[in-house]
>>> print(open('protein_6.cif').read())   # mmCIF, C-alpha atoms and all ligand atoms
data_my_file
#
loop_
_atom_site.label_atom_id
_atom_site.label_comp_id
_atom_site.auth_asym_id
_atom_site.auth_seq_id
_atom_site.Cartn_x
_atom_site.Cartn_y
_atom_site.Cartn_z
CA MET A 4 87.49 124.22 83.19
CA ARG A 5 89.81 124.21 86.17
CA THR A 6 88.84 120.67 87.12
CA VAL A 7 89.65 117.20 85.78
CA LEU A 8 89.10 113.64 86.99
CA ARG A 9 92.36 111.78 87.54
CA GLY A 10 93.21 108.14 88.23
CA ILE A 11 94.78 107.83 91.70
CA GLU A 12 97.44 105.41 90.46
CA SER A 13 98.09 105.95 86.75
CA LYS A 14 97.34 109.71 86.95
CA THR A 15 95.40 109.37 83.68
CA VAL A 16 93.23 112.43 83.19
CA TYR A 17 89.57 112.43 82.10
CA PRO A 18 87.25 115.38 81.42
CA ALA A 19 85.34 116.44 84.55
CA LYS A 20 81.97 116.34 82.83
CA GLU A 21 82.41 112.74 81.69
CA GLN A 22 80.10 110.45 83.69
CA ARG A 23 82.76 108.18 85.07
CA TYR A 24 83.39 106.54 88.47
CA ARG A 25 86.58 104.58 87.72
CA GLY A 26 89.51 104.87 85.35
CA GLU A 27 89.89 102.72 82.21
CA ASN A 28 92.01 100.30 84.27
CA GLY A 29 89.41 100.13 87.05
CA GLU A 30 91.26 102.43 89.47
CA LEU A 31 89.59 104.98 91.76
CA LEU A 32 89.41 108.54 90.53
CA GLU A 33 89.79 111.86 92.25
CA VAL A 34 88.87 115.40 91.36
CA VAL A 35 91.86 117.65 90.75
CA SER A 36 91.29 121.38 90.38
CA ASP A 37 93.94 123.91 89.46
CA LEU A 38 93.48 126.28 92.40
CA THR A 39 96.62 128.27 91.63
CA SER A 40 94.63 129.68 88.69
CA PHE A 41 92.77 131.87 91.21
CA ASN A 42 96.03 133.71 91.82
CA ARG A 43 95.22 134.32 95.49
CA SER A 44 97.75 134.63 98.27
CA PRO A 45 97.03 132.68 101.51
CA ALA A 46 95.79 135.96 103.04
CA ALA A 47 93.54 136.59 100.05
CA TRP A 48 92.05 133.09 100.35
CA LYS A 49 91.27 133.68 104.04
CA GLU A 50 89.76 137.05 103.23
CA HIS A 51 87.66 135.45 100.49
CA PHE A 52 86.27 132.84 102.91
CA ASP A 53 85.56 135.52 105.54
CA GLU A 54 83.74 137.66 102.99
CA GLN A 55 81.46 134.68 102.17
CA LYS A 56 80.59 134.15 105.84
CA GLU A 57 76.85 134.78 105.38
CA LYS A 58 76.54 132.30 102.50
CA PRO A 59 75.84 128.56 102.94
CA ALA A 60 79.08 126.70 103.69
CA PHE A 61 79.19 124.94 100.32
CA ILE A 62 79.10 128.25 98.47
CA ARG A 63 81.55 129.87 100.92
CA TYR A 64 84.14 127.17 100.19
CA LYS A 65 83.07 126.43 96.61
CA ASP A 66 86.31 127.70 95.05
CA VAL A 67 88.23 124.90 96.81
CA LEU A 68 85.45 122.32 96.41
CA LEU A 69 83.94 122.51 92.92
CA PRO A 70 85.16 125.77 91.39
CA ASP A 71 83.65 125.05 87.97
CA LEU A 72 80.13 124.39 89.26
CA PRO A 73 77.81 127.27 88.26
CA GLU A 74 75.95 128.70 91.27
CA LYS A 75 72.64 128.31 89.44
CA CYS A 76 73.02 124.49 89.58
CA ILE A 77 73.37 124.39 93.37
CA THR A 78 70.69 122.62 95.40
CA SER A 79 71.25 123.47 99.05
CA LEU A 80 69.23 122.71 102.17
CA SER A 81 71.39 125.10 104.22
CA GLU A 82 73.77 122.36 105.28
CA GLY A 83 77.00 123.09 107.10
CA ASP A 84 77.97 125.67 109.70
CA THR A 85 77.78 122.85 112.21
CA PRO A 86 78.89 123.51 115.78
CA LEU A 87 82.42 122.93 116.99
CA TYR A 88 81.71 122.21 120.66
CA PRO A 89 84.38 122.41 123.33
CA ALA A 90 84.37 119.18 125.35
CA THR A 91 83.05 119.24 128.90
CA LYS A 92 85.30 118.32 131.81
CA ALA A 93 83.55 114.94 132.08
CA MET A 94 84.45 114.26 128.46
CA ARG A 95 88.02 115.45 128.79
CA ASP A 96 88.48 113.19 131.80
CA TYR A 97 86.88 110.16 130.20
CA PHE A 98 88.55 110.45 126.82
CA GLY A 99 91.92 111.38 128.31
CA VAL A 100 92.79 114.59 126.47
CA GLU A 101 92.82 118.16 127.73
CA LYS A 102 92.09 120.01 124.50
CA LEU A 103 89.13 118.36 122.82
CA GLU A 104 86.57 119.78 120.41
CA LEU A 105 83.67 118.03 118.72
CA LYS A 106 82.57 118.93 115.21
CA HIS A 107 78.96 117.80 115.16
CA GLU A 108 77.96 116.89 111.61
CA GLY A 109 74.74 115.39 112.96
CA MET A 110 73.47 118.98 113.06
CA ASN A 111 72.93 118.98 109.29
CA PRO A 112 69.47 118.96 107.59
CA THR A 113 69.16 115.17 107.30
CA LEU A 114 71.12 114.71 110.55
CA SER A 115 74.40 113.47 109.11
CA PHE A 116 77.57 114.63 107.35
CA LYS A 117 76.29 113.14 104.11
CA ASP A 118 74.52 116.43 103.37
CA ARG A 119 77.96 117.96 102.77
CA GLY A 120 78.52 115.45 100.00
CA MET A 121 75.05 115.57 98.56
CA VAL A 122 74.92 119.32 98.08
CA ALA A 123 77.94 118.73 95.82
CA GLY A 124 76.81 115.43 94.28
CA VAL A 125 73.23 116.41 93.45
CA SER A 126 74.30 119.86 92.23
CA TRP A 127 76.91 118.22 89.98
CA ALA A 128 74.23 115.81 88.76
CA ARG A 129 72.17 118.84 87.70
CA PHE A 130 75.24 120.39 86.04
CA ILE A 131 75.84 117.33 83.87
CA GLY A 132 72.13 116.90 83.18
CA ALA A 133 71.42 113.66 85.11
CA ASP A 134 67.78 113.14 85.98
CA VAL A 135 68.01 109.95 88.05
CA VAL A 136 70.47 109.46 90.91
CA ALA A 137 71.14 106.28 92.87
CA CYS A 138 73.14 104.92 95.78
CA ALA A 139 73.63 101.94 98.05
CA SER A 140 73.61 102.91 101.68
CA THR A 141 73.80 101.95 105.31
CA GLY A 142 71.18 104.64 105.92
CA ASP A 143 72.68 108.11 105.90
CA THR A 144 73.79 108.47 102.28
CA SER A 145 70.31 107.38 101.16
CA ALA A 146 68.61 109.86 103.52
CA ALA A 147 70.73 112.74 102.25
CA MET A 148 70.56 111.80 98.57
CA ALA A 149 66.78 111.40 98.72
CA ALA A 150 66.35 114.81 100.35
CA TYR A 151 68.61 116.70 97.96
CA ALA A 152 67.19 114.90 94.91
CA ALA A 153 63.66 115.76 96.08
CA CYS A 154 64.68 119.38 96.47
CA ALA A 155 66.25 119.40 92.98
CA GLY A 156 63.30 117.59 91.37
CA ILE A 157 65.49 114.62 90.40
CA LYS A 158 64.38 111.01 90.74
CA ALA A 159 66.19 108.99 93.43
CA VAL A 160 66.75 105.24 93.79
CA VAL A 161 68.22 103.76 96.97
CA LEU A 162 69.41 100.22 97.72
CA LEU A 163 69.46 99.35 101.41
CA PRO A 164 70.47 96.24 103.37
CA GLU A 165 67.00 95.33 104.66
CA GLY A 166 66.96 94.98 108.44
CA ASN A 167 70.45 96.45 108.89
CA ILE A 168 69.63 100.14 109.15
CA SER A 169 67.80 102.03 111.86
CA PHE A 170 64.06 102.68 111.60
CA GLU A 171 64.63 106.45 111.52
CA GLN A 172 67.12 106.16 108.67
CA TYR A 173 64.73 103.86 106.81
CA SER A 174 61.96 106.45 107.08
CA GLN A 175 63.99 109.25 105.49
CA PRO A 176 64.21 108.19 101.80
CA ILE A 177 60.66 106.91 101.91
CA ALA A 178 59.40 110.26 103.19
CA ALA A 179 61.43 112.17 100.59
CA GLY A 180 59.84 110.18 97.77
CA ALA A 181 62.82 108.03 96.74
CA ILE A 182 62.30 104.58 95.23
CA THR A 183 63.40 102.60 98.27
CA LEU A 184 64.56 99.01 97.75
CA GLY A 185 65.46 96.92 100.81
CA LEU A 186 67.59 94.00 99.62
CA ASP A 187 68.25 90.71 101.37
CA THR A 188 71.99 91.29 101.50
CA ASP A 189 74.43 93.44 103.46
CA PHE A 190 75.81 96.87 102.49
CA ASP A 191 78.69 95.36 100.52
CA GLY A 192 76.18 93.33 98.52
CA CYS A 193 74.12 96.48 97.81
CA MET A 194 77.28 98.34 96.78
CA GLU A 195 78.22 95.65 94.28
CA LEU A 196 74.74 95.69 92.77
CA ILE A 197 74.49 99.47 92.44
CA GLN A 198 77.81 99.51 90.58
CA LYS A 199 76.48 96.90 88.15
CA ILE A 200 73.19 98.75 87.66
CA THR A 201 74.80 102.14 87.06
CA ALA A 202 77.41 100.64 84.68
CA LYS A 203 74.62 99.03 82.65
CA HIS A 204 72.10 101.88 82.75
CA ARG A 205 74.04 105.03 82.00
CA GLY A 206 71.01 107.23 82.60
CA ILE A 207 71.29 106.51 86.34
CA TYR A 208 73.95 108.63 88.04
CA LEU A 209 75.82 106.97 90.93
CA LEU A 210 76.15 109.08 94.08
CA ASN A 211 78.04 106.76 96.38
CA SER A 212 81.41 108.02 97.57
CA MET A 213 82.94 106.45 94.44
CA ASN A 214 81.54 109.59 92.89
CA SER A 215 84.51 111.91 93.28
CA PHE A 216 82.42 115.08 93.06
CA ARG A 217 80.45 114.09 96.15
CA ILE A 218 83.72 113.63 98.03
CA GLU A 219 84.71 117.19 97.14
CA GLY A 220 81.68 118.44 99.08
CA GLN A 221 82.72 116.47 102.15
CA LYS A 222 86.06 118.28 102.22
CA ALA A 223 84.11 121.21 103.67
CA ILE A 224 83.88 119.48 107.08
CA GLY A 225 87.60 119.77 107.82
CA ILE A 226 87.94 123.11 106.08
CA GLU A 227 85.09 124.63 108.09
CA ALA A 228 86.49 123.21 111.35
CA LEU A 229 89.84 124.86 110.61
CA HIS A 230 88.13 128.13 109.68
CA GLN A 231 86.24 128.00 113.02
CA ARG A 232 89.62 127.56 114.72
CA ASN A 233 90.93 130.61 112.87
CA TRP A 234 93.12 128.30 110.75
CA GLN A 235 94.95 126.98 113.83
CA VAL A 236 95.66 123.33 113.07
CA PRO A 237 94.95 120.82 115.87
CA ASP A 238 97.39 117.99 116.53
CA TRP A 239 94.77 115.40 115.59
CA PHE A 240 91.56 114.88 113.69
CA ILE A 241 89.71 111.74 114.67
CA ILE A 242 87.00 110.22 112.49
CA PRO A 243 84.96 107.01 112.17
CA VAL A 244 85.59 104.87 109.07
CA GLY A 245 83.26 102.65 107.06
CA ASN A 246 83.56 102.85 103.30
CA ALA A 247 86.56 105.17 103.87
CA GLY A 248 85.26 108.01 101.72
CA ASN A 249 85.00 110.56 104.50
CA VAL A 250 88.47 110.08 105.91
CA SER A 251 89.80 110.48 102.36
CA ALA A 252 87.77 113.67 101.90
CA LEU A 253 88.91 115.13 105.22
CA ALA A 254 92.55 114.53 104.37
CA LYS A 255 92.28 115.79 100.79
CA GLY A 256 90.66 119.04 101.88
CA ILE A 257 93.27 119.71 104.55
CA ARG A 258 96.15 118.76 102.25
CA GLU A 259 94.93 121.23 99.64
CA LEU A 260 94.69 124.04 102.22
CA TYR A 261 98.28 123.26 103.14
CA GLU A 262 99.36 123.35 99.49
CA LEU A 263 97.72 126.78 99.13
CA GLY A 264 99.52 128.03 102.24
CA ILE A 265 96.25 128.67 104.13
CA ILE A 266 97.47 126.44 106.96
CA ASN A 267 101.11 126.05 107.89
CA ARG A 268 101.26 122.43 109.03
CA LEU A 269 99.36 119.15 108.72
CA PRO A 270 97.53 117.51 111.62
CA ARG A 271 97.69 113.76 112.19
CA ILE A 272 94.55 111.78 111.40
CA ALA A 273 93.16 108.80 113.31
CA GLY A 274 90.52 106.64 111.65
CA VAL A 275 88.44 104.39 113.88
CA GLN A 276 86.45 101.31 112.93
CA THR A 277 84.10 99.04 114.82
CA LYS A 278 85.70 95.68 115.63
CA ALA A 279 82.73 94.13 113.82
CA ALA A 280 84.02 95.58 110.55
CA SER A 281 87.67 96.53 110.63
CA PRO A 282 89.42 95.74 107.32
CA LEU A 283 91.26 99.09 107.31
CA TYR A 284 92.44 98.50 110.88
CA ASN A 285 93.67 95.03 109.86
CA SER A 286 95.61 96.54 106.99
CA TYR A 287 97.16 99.20 109.25
CA LYS A 288 98.19 96.59 111.82
CA ASN A 289 99.86 94.60 109.05
CA GLY A 290 102.00 97.49 107.84
CA TRP A 291 99.36 98.86 105.48
CA ALA A 292 98.92 95.50 103.78
CA GLY A 293 96.47 95.26 100.86
CA LEU A 294 92.74 95.09 101.52
CA VAL A 295 91.41 91.73 102.66
CA PRO A 296 87.61 92.10 102.42
CA ILE A 297 85.63 90.51 105.23
CA THR A 298 81.98 89.82 105.94
CA ALA A 299 81.10 92.55 108.42
CA LYS A 300 79.37 91.40 111.61
CA LYS A 301 76.25 92.94 113.08
CA THR A 302 77.06 96.05 115.13
CA LYS A 303 75.28 98.94 116.86
CA ALA A 304 77.42 101.14 114.63
CA SER A 305 75.43 99.86 111.66
CA ALA A 306 76.33 102.79 109.39
CA ILE A 307 79.92 101.53 109.32
CA GLN A 308 79.12 97.83 109.05
CA ILE A 309 81.18 97.52 105.89
CA GLY A 310 83.61 94.71 105.05
CA ASN A 311 84.86 95.85 101.65
CA PRO A 312 85.47 99.61 101.78
CA VAL A 313 85.32 101.05 98.30
CA SER A 314 87.68 103.97 99.02
CA PHE A 315 90.30 101.80 100.76
CA LYS A 316 93.19 102.80 98.48
CA LYS A 317 92.45 106.50 98.74
CA ALA A 318 92.23 106.26 102.53
CA VAL A 319 95.55 104.42 102.87
CA ARG A 320 97.32 106.92 100.64
CA GLU A 321 95.96 109.85 102.66
CA LEU A 322 96.52 108.30 106.07
CA LYS A 323 100.15 107.60 105.18
CA ALA A 324 100.58 111.23 104.10
CA PHE A 325 99.17 112.41 107.45
CA ASN A 326 101.23 110.04 109.59
CA GLY A 327 97.86 108.54 110.41
CA VAL A 328 96.80 105.67 112.62
CA VAL A 329 93.80 103.34 112.71
CA GLU A 330 92.08 102.00 115.82
CA ALA A 331 89.16 99.63 116.36
CA ALA A 332 86.60 99.67 119.18
CA SER A 333 84.31 97.04 120.70
CA GLU A 334 80.54 97.33 121.06
CA GLU A 335 80.88 98.06 124.77
CA GLU A 336 83.55 100.73 124.23
CA ILE A 337 81.42 102.36 121.53
CA MET A 338 78.20 102.47 123.53
CA ASP A 339 79.91 103.66 126.72
CA ALA A 340 81.59 106.46 124.75
CA LYS A 341 78.23 107.40 123.26
CA ALA A 342 76.67 107.57 126.72
CA VAL A 343 79.40 109.90 127.99
CA VAL A 344 78.96 112.34 125.09
CA ASP A 345 75.14 112.08 125.17
CA ALA A 346 75.16 112.86 128.89
CA SER A 347 76.65 116.28 128.11
CA GLY A 348 73.58 117.15 126.05
CA ILE A 349 75.28 116.51 122.71
CA SER A 350 73.39 113.66 121.08
CA ILE A 351 75.48 111.37 118.91
CA CYS A 352 75.11 108.09 117.04
CA PRO A 353 77.05 104.88 117.65
CA ASN A 354 79.14 105.54 114.53
CA SER A 355 80.33 108.89 115.84
CA ALA A 356 80.88 107.22 119.20
CA THR A 357 83.22 104.77 117.49
CA ALA A 358 85.60 107.68 116.85
CA MET A 359 85.28 108.77 120.48
CA ALA A 360 85.96 105.23 121.76
CA GLY A 361 89.02 105.10 119.51
CA LEU A 362 90.22 108.40 120.89
CA ARG A 363 90.05 107.02 124.43
CA LYS A 364 92.07 103.96 123.42
CA LEU A 365 94.69 105.99 121.56
CA ALA A 366 95.02 108.37 124.52
CA LYS A 367 95.36 105.43 126.93
CA ALA A 368 98.06 103.95 124.71
CA GLY A 369 99.91 107.29 124.70
CA ILE A 370 99.69 107.58 120.90
CA ILE A 371 97.57 110.68 121.38
CA ARG A 372 99.16 112.65 124.22
CA LYS A 373 97.11 114.16 127.04
CA THR A 374 98.20 117.64 125.98
CA ASP A 375 97.53 117.15 122.25
CA SER A 376 94.71 119.18 120.73
CA VAL A 377 92.05 116.98 119.12
CA VAL A 378 89.08 117.65 116.86
CA ALA A 379 86.66 114.71 116.71
CA ILE A 380 84.28 114.46 113.78
CA LEU A 381 80.83 113.33 114.92
CA THR A 382 79.13 112.06 111.81
CA ALA A 383 75.41 111.71 112.64
CA HIS A 384 72.85 112.67 115.25
CA GLY A 385 71.75 110.35 118.04
CA ALA A 386 68.10 110.84 117.05
CA LYS A 387 68.72 108.50 114.12
CA PHE A 388 69.60 105.66 116.48
CA SER A 389 67.03 105.80 119.25
CA GLN A 390 66.70 102.03 119.56
CA ALA A 391 70.39 101.53 120.32
CA THR A 392 70.22 104.34 122.88
CA VAL A 393 67.14 103.05 124.71
CA GLU A 394 68.45 99.47 124.73
CA TYR A 395 71.72 100.65 126.27
CA HIS A 396 70.03 102.58 129.04
CA ARG A 397 67.50 99.83 129.81
CA ALA A 398 70.20 97.22 130.38
CA ALA A 399 72.88 96.90 133.06
CA ASN A 400 75.48 99.04 131.31
CA ARG A 401 78.19 101.20 132.87
CA PHE A 402 76.54 104.58 132.26
CA ALA A 403 72.92 103.38 132.03
CA ASN A 404 70.26 105.90 133.09
CA LYS A 405 67.53 103.36 133.50
CA PRO A 406 64.00 104.61 132.79
CA LYS A 407 61.29 103.32 135.14
CA ALA A 408 57.72 102.35 134.28
CA LEU A 409 55.40 103.33 137.14
CA ARG A 410 51.82 103.18 138.32
CA ALA A 411 50.15 106.53 137.54
CA ASP A 412 49.88 107.96 141.04
CA VAL A 413 51.56 110.48 143.30
CA ALA A 414 52.80 107.95 145.84
CA ALA A 415 54.56 105.88 143.22
CA ILE A 416 56.32 108.98 141.82
CA GLU A 417 57.30 110.11 145.32
CA LYS A 418 58.77 106.71 146.04
CA ALA A 419 60.72 106.69 142.78
CA LEU A 420 62.12 110.15 143.56
CA GLY A 421 62.87 109.29 147.16
CA LEU A 422 60.62 112.09 148.45
N1 LIG B 1 79.39 107.74 110.21
C1 LIG B 1 78.15 107.66 109.71
C2 LIG B 1 77.03 108.16 110.54
C3 LIG B 1 77.94 107.10 108.43
O1 LIG B 1 76.71 107.04 107.94
C4 LIG B 1 79.04 106.63 107.70
C5 LIG B 1 78.88 106.04 106.37
C6 LIG B 1 80.32 106.77 108.27
C7 LIG B 1 80.45 107.32 109.52
C8 LIG B 1 81.55 106.33 107.56
O2 LIG B 1 81.89 107.12 106.48
O3 LIG B 1 81.79 105.37 104.75
O4 LIG B 1 82.87 107.55 104.28
O5 LIG B 1 83.93 105.93 105.83
N2 LIG B 1 77.77 105.80 105.84
C9 LIG B 1 77.56 105.34 104.46
C10 LIG B 1 76.09 105.37 104.12
C11 LIG B 1 78.25 104.08 104.12
O6 LIG B 1 75.67 104.63 103.22
O7 LIG B 1 75.36 106.15 104.71
P1 LIG B 1 82.67 106.47 105.26
#
>>> encode(input="protein_6.cif", output="structure tokens")
Amino acid sequence: MRTVLRGIESKTVYPAKEQRYRGENGELLEVVSDLTSFNRSPAAWKEHFDEQKEKPAFIRYKDVLLPDLPEKCITSLSEGDTPLYPATKAMRDYFGVEKLELKHEGMNPTLSFKDRGMVAGVSWARFIGADVVACASTGDTSAAMAAYAACAGIKAVVLLPEGNISFEQYSQPIAAGAITLGLDTDFDGCMELIQKITAKHRGIYLLNSMNSFRIEGQKAIGIEALHQRNWQVPDWFIIPVGNAGNVSALAKGIRELYELGIINRLPRIAGVQTKAASPLYNSYKNGWAGLVPITAKKTKASAIQIGNPVSFKKAVRELKAFNGVVEAASEEEIMDAKAVVDASGISICPNSATAMAGLRKLAKAGIIRKTDSVVAILTAHGAKFSQATVEYHRAANRFANKPKALRADVAAIEKALGL
């Protein structure tokens, strides 16, 4: 095996196939694979990825994601190969940067980036012989896990904060046949419970981002974006943050490319939170002080309504290594940013819009320069959050495109159109 699990602080090593989510001392774990054992030069790595172009993204990048995973264990729904859109002029003007691209992870099979993690997590579950998988979720992890488990013929259990996820997200695990439990608590409460359940019942395999193998799959987002840019590194990646797993995955994947010589410099990374749930931002503002968990407030960006991010320590370590920054955006800033992107024909969710709102603030503050090149990670599709969208446009908001209800006749339509 090329891969081990390693404690992020003590560096204690555990066998990769051991079903383990934390170290003996309770620390977070990460997957470490000896990639030098492939004996490939940077040019040979690039050639390898190019040769795999026709394969699903997870298989194309598998050697830097989960090299020990046998191909026969892979359950894929053809995730990945998401578009990297160039920003329109309206977007460049509004967000304040001249070189902006949007990596739209909402264009995955279950409409979020979580599919990148679940192709890895569910495939690894098959590899180690798990037949029940479980997660707590704000809506997207559960949708993805349920779909991949259904495809693999594995039983799925999801814990959701009842009333705190969108109707579309709620429908996804139900439709895919998962045991769907809506609990009268918030996401952090669900997260605590799923850790207790999976510690007590070892037959249930945890697929939250505490599962380090799932995180390896999410590295593909940044890697694929860089491949699409012909390995030209942008000045910034910008990404929304909730439980802080995805920002950690993005950074880890890019760092490893750098260590292999595939890219020749590191970008900076900006994580953005909603002001309703900004413990990472608070830490950053206080000189990367330790995590002070909070009770997250209700927010339109409900997928990142998280007060006690599980991957906090990993995220801080990575952000420091990338000379990173953290920003926080208000509800109004988030929904206005969403409207500007949506109006270009690219439909995004309020969580993705949080990153965009943060970009605007960082550009205004001069932290991101007008001439810097920026890749924004959009994490889920707008179709998952139709209620937030319609409510925004029905009310007196800055970019509202107010729908009208009319009498069903020609004259009324003519009047509405000014004909
Ligand atoms: N964007 C979306 C659309 C999400 O669903 C999430 C997290 C994030 C951003 C933040 O990523 O947690 O790794 O920092 N959703 C999780 C879930 C919590 O359960 O679906 P993160």
>>> closest_residue(input="protein_6.cif", among="A:Arg401, A:Lys301, A:Lys222, A:Lys49", to="Ala123 of chain A", atoms="all atoms listed in the file")
A:Lys222
>>> residues_near_ligand(input="protein_6.cif", ligand="ligand LIG 1 (chain B)", cutoff="6 Å", atoms="all atoms listed in the file", output="VMD selection string")
chain A and resid 140 to 144 243 to 249 306 to 307 354 to 355 382 to 383
>>> closest_atom_pairs(input="protein_6.cif", of="segment 59-99 of chain A", to="segment 332-348 of chain A", cutoff="8 Å", atoms="only C-alpha atoms", output="Markdown table")
| residue | atom | partner | partner_atom | distance |
| --- | --- | --- | --- | --- |
| A:Thr91 | CA | A:Ser347 | CA | 7.1 |
| A:Ala93 | CA | A:Val343 | CA | 7.7 |
| A:Met94 | CA | A:Val343 | CA | 6.7 |
| A:Tyr97 | CA | A:Val343 | CA | 7.8 |
>>> closest_residue(input="protein_6.cif", among="A:Tyr151, A:Trp291, A:Trp234, A:Phe98", to="Val125 of chain A", atoms="all atoms listed in the file")
A:Tyr151
>>> residues_near_point(input="protein_6.cif", point="(95.7, 106.8, 105.1)", cutoff="12 Å", atoms="all atoms listed in the file", output="ChimeraX atom specification")
/A:242,244,247-255,271-275,283-284,286-287,290-292,314-329
>>> closest_residue(input="protein_6.cif", among="A:Ile265, A:Ala181, A:Ile168, A:Leu31", to="Lys303 of chain A", atoms="all atoms listed in the file")
A:Ile168
>>> atom_distance(input="protein_6.cif", atom1="atom CA of Glu262 of chain A", atom2="atom CA of Met359 of chain A")
29.2 Å
>>> closest_residue(input="protein_6.cif", among="A:Cys193, A:Cys154, A:Lys20, A:Lys65", to="Gly180 of chain A", atoms="only C-alpha atoms")
A:Cys154
>>> atom_distance(input="protein_6.cif", atom1="atom CA of Pro296 of chain A", atom2="atom CA of Thr277 of chain A")
14.6 Å
>>> closest_residue(input="protein_6.cif", among="A:Gly99, A:Pro164, A:Pro70, A:Gly26", to="Thr374 of chain A", atoms="all atoms listed in the file")
A:Gly99
>>> residues_near_point(input="protein_6.cif", point="(90.0, 126.5, 85.2)", cutoff="9 Å", atoms="only C-alpha atoms", output="ChimeraX atom specification")
/A:4-6,36-38,40-41,70-71
>>> atom_distance(input="protein_6.cif", atom1="atom CA of Ser305 of chain A", atom2="atom CA of Ala391 of chain A")
10.2 Å
>>> residues_around(input="protein_6.cif", residues="Leu381 of chain A", least_positions_apart="5", cutoff="10 Å", atoms="only C-alpha atoms", output="list in words")
Leu87, Leu105, Lys106, His107, Glu108, Gly109, Met110, Ser115, Phe116, Ile241, Ile242, Pro243, Ser350, Ile351, Cys352, Pro353, Asn354, Ser355, Ala356, Thr357, Ala358 and Met359 of chain A
>>> residues_around(input="protein_6.cif", residues="segment 199-208 of chain A", least_positions_apart="2", cutoff="8 Å", atoms="only C-alpha atoms", output="list in words")
Gln22, Ala128, Ala133, Asp134, Val135, Val136, Ala137, Glu195, Leu196, Ile197 and Leu210 of chain A
>>> closest_residue(input="protein_6.cif", among="A:Ile380, A:Val122, A:Met213, A:Ala414", to="Glu30 of chain A", atoms="only C-alpha atoms")
A:Met213
>>> residues_around(input="protein_6.cif", residues="Ile177 of chain A", least_positions_apart="3", cutoff="12 Å", atoms="all atoms listed in the file", output="NGL selection string")
:A and (142 or 145-150 or 153 or 159-163 or 170-174 or 180-185)
>>> residues_around(input="protein_6.cif", residues="Val67 of chain A", least_positions_apart="4", cutoff="10 Å", atoms="all atoms listed in the file", output="CSV table (one decimal) with C-alpha atoms, in the frame of the given file")
chain,number,residue,atom,x,y,z
A,36,SER,CA,91.3,121.4,90.4
A,37,ASP,CA,93.9,123.9,89.5
A,38,LEU,CA,93.5,126.3,92.4
A,48,TRP,CA,92.0,133.1,100.4
A,61,PHE,CA,79.2,124.9,100.3
A,62,ILE,CA,79.1,128.2,98.5
A,63,ARG,CA,81.6,129.9,100.9
A,71,ASP,CA,83.6,125.0,88.0
A,219,GLU,CA,84.7,117.2,97.1
A,220,GLY,CA,81.7,118.4,99.1
A,222,LYS,CA,86.1,118.3,102.2
A,223,ALA,CA,84.1,121.2,103.7
A,226,ILE,CA,87.9,123.1,106.1
A,256,GLY,CA,90.7,119.0,101.9
A,259,GLU,CA,94.9,121.2,99.6
A,260,LEU,CA,94.7,124.0,102.2
A,263,LEU,CA,97.7,126.8,99.1
>>> decode(input="protein_6.cif", residues="segment 89-96 of chain A", atoms="N, CA, C and O atoms", output="CSV table (one decimal), in the first residue's frame")
chain,number,residue,atom,x,y,z
A,89,PRO,N,-15.5,31.6,-18.0
A,89,PRO,CA,-14.9,32.9,-17.9
A,89,PRO,C,-16.0,33.8,-17.4
A,89,PRO,O,-17.2,33.7,-17.8
A,90,ALA,N,-15.7,34.8,-16.5
A,90,ALA,CA,-16.7,35.7,-16.0
A,90,ALA,C,-17.2,36.7,-17.1
A,90,ALA,O,-16.4,37.0,-18.0
A,91,THR,N,-18.4,37.1,-17.1
A,91,THR,CA,-18.9,38.1,-18.0
A,91,THR,C,-18.4,39.5,-17.6
A,91,THR,O,-17.9,39.6,-16.5
A,92,LYS,N,-18.5,40.5,-18.5
A,92,LYS,CA,-18.1,41.8,-18.1
A,92,LYS,C,-18.9,42.3,-16.9
A,92,LYS,O,-18.3,42.9,-16.0
A,93,ALA,N,-20.2,42.0,-16.9
A,93,ALA,CA,-21.0,42.5,-15.7
A,93,ALA,C,-20.5,41.9,-14.4
A,93,ALA,O,-20.4,42.6,-13.4
A,94,MET,N,-20.0,40.7,-14.5
A,94,MET,CA,-19.5,40.0,-13.3
A,94,MET,C,-18.1,40.7,-12.9
A,94,MET,O,-17.8,41.0,-11.7
A,95,ARG,N,-17.3,40.9,-13.9
A,95,ARG,CA,-16.0,41.4,-13.6
A,95,ARG,C,-16.1,42.8,-13.0
A,95,ARG,O,-15.4,43.2,-12.1
A,96,ASP,N,-17.1,43.6,-13.5
A,96,ASP,CA,-17.3,44.9,-13.0
A,96,ASP,C,-17.8,44.9,-11.6
A,96,ASP,O,-17.3,45.6,-10.7
